[in-house]
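Everything below concerns the one structure shown next.
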Amino acid sequence: NFLELWYPHRSDITIASIEDCSHLEKLFPGTRFERIGPSEPLPFADGQFDIGFCGAVLEHVGGDSSQLRVLAELARTCRKIFLTTPDGAFPVELHTFLPVLHWLPKRLHRRILGLLGQSFWAREENLNLVTRNELRDLTRRALQRTGRSARWSIESHRLCGLSSNLILWIDDRT
């Protein structure tokens, strides 16, 4: 919660989660918590927020259609978006710390995770990694769905010279 800790204008921060994080309002006075439904539209107006920050969430919302819905809702409600997600092309999966297993076809990958006692991570709604190309496609489709024309880019955070995390920045300014 570095943003809540260091941002000087806490009254401008709305924390949204499918889990009950109302305790964060006490931990970070001035912030506002809004509980959201996992498959529902965000309860915010179009363009309500200057910046939407979404850190390591996209890989936990389900399959492609759920990821597209979440990204489109962010694009609808936020003028700028800063989103991070693990890079599915990185050789070590950062939730299970298993190497290259996530490069197998998804059904086989999930089956093996279950056999290894990782049944939580084997479920698509709990872990569905994206690569740079998949995030690029999701971003294009999300912006199309919302009718937005925006400048955007995908950068990488590197670990040992390899892209370990993807950073998506969407900006209304063209």
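Naming scheme: A, B, ... for chains in displayed order of the structure tokens; residues 1 onward per chain; ligands 1 onward as shown.
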
Which of segment 20-139 of chain A fall in strand (DSSP E), as number ranges by chain: A: 32-35, 49-55, 78-86

Spatial neighbours of Asp64 of chain A, max dist 10 Å, only C-alpha atoms, sep filter under 6 positions, as number ranges by chain: A: 58, 70, 124, 128-130, 134-135, 138

Selected residue of minimal separation from Arg148 of chain A among A:Asp20, A:Glu125, A:Asp46, A:Asp87, counting only C-alpha atoms: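 Looking only at the distances to Arg148 of chain A, the closest residue turns out to be A:Asp46.
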
In chain A, DSSP helix (DSSP H, G or I) residues written as a ChimeraX atom specification: /A:2-6,10-12,23-27,58-60,64-77,101-103,106-115,119-122,132-146

Option closest in space to Leu101 of chain A, from A:Ile15, A:Leu83, A:Ala122, A:Ala142 [counting only C-alpha atoms]: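 Smallest separation from Leu101 of chain A among the options: A:Ala122.
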
Near-Phe44 of chain A list (12 Å; only C-alpha atoms; drop same-chain fewer than 5 positions) as a PyMOL selection string: chain A and resi 14-16+34-36+49+52+73-78

Using C-alpha atoms, can you export the residues from the last selection as an mmCIF file, in the first residue's frame?
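New file again_26.cif:
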data_model
loop_
_atom_site.group_PDB
_atom_site.id
_atom_site.type_symbol
_atom_site.label_atom_id
_atom_site.label_comp_id
_atom_site.auth_asym_id
_atom_site.auth_seq_id
_atom_site.Cartn_x
_atom_site.Cartn_y
_atom_site.Cartn_z
ATOM 1 C CA THR A 14 -10.543 5.522 -3.604
ATOM 2 C CA ILE A 15 -9.583 1.925 -2.825
ATOM 3 C CA ALA A 16 -11.676 -0.669 -4.657
ATOM 4 C CA GLU A 34 -15.556 0.858 -2.167
ATOM 5 C CA ARG A 35 -16.349 -2.856 -2.277
ATOM 6 C CA ILE A 36 -16.916 -4.045 -5.840
ATOM 7 C CA PHE A 49 -10.757 9.216 -11.796
ATOM 8 C CA GLY A 52 -6.372 4.311 -11.970
ATOM 9 C CA GLU A 73 -13.982 -0.864 -16.960
ATOM 10 C CA LEU A 74 -10.687 0.752 -15.972
ATOM 11 C CA ALA A 75 -10.571 2.501 -19.349
ATOM 12 C CA ARG A 76 -14.151 3.694 -18.849
ATOM 13 C CA THR A 77 -13.671 5.108 -15.346
ATOM 14 C CA CYS A 78 -10.056 6.356 -15.408
#

Nearest to Ile167 of chain A, chosen from A:Phe33, A:Phe97, A:Trp152, A:Phe82, with only C-alpha atoms counted in the distances: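 Of A:Phe33, A:Phe97, A:Trp152, A:Phe82, the one nearest Ile167 of chain A, counting only C-alpha atoms, is A:Phe82.
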
Atomic separation - atom CA of Thr131 of chain A relative to atom CA of Glu40 of chain A, Å: 25.2 Å

Pairwise distance for atom CA of Thr96 of chain A and atom CA of Arg136 of chain A, rounded to one decimal in Å: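 Computing the Euclidean distance for atom CA of Thr96 of chain A and atom CA of Arg136 of chain A yields 24.7 Å.
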
Pick from A:Glu59, A:Asp50, A:Glu25, A:Asp12, whichever lies nearest to Arg123 of chain A using only C-alpha atoms: A:Glu59

All residues 10 Å or closer to segment 91-94 of chain A, only C-alpha atoms, same chain fewer than 4 positions away omitted, as a PyMOL selection string: chain A and resi 86-87+98-103+129+162-165
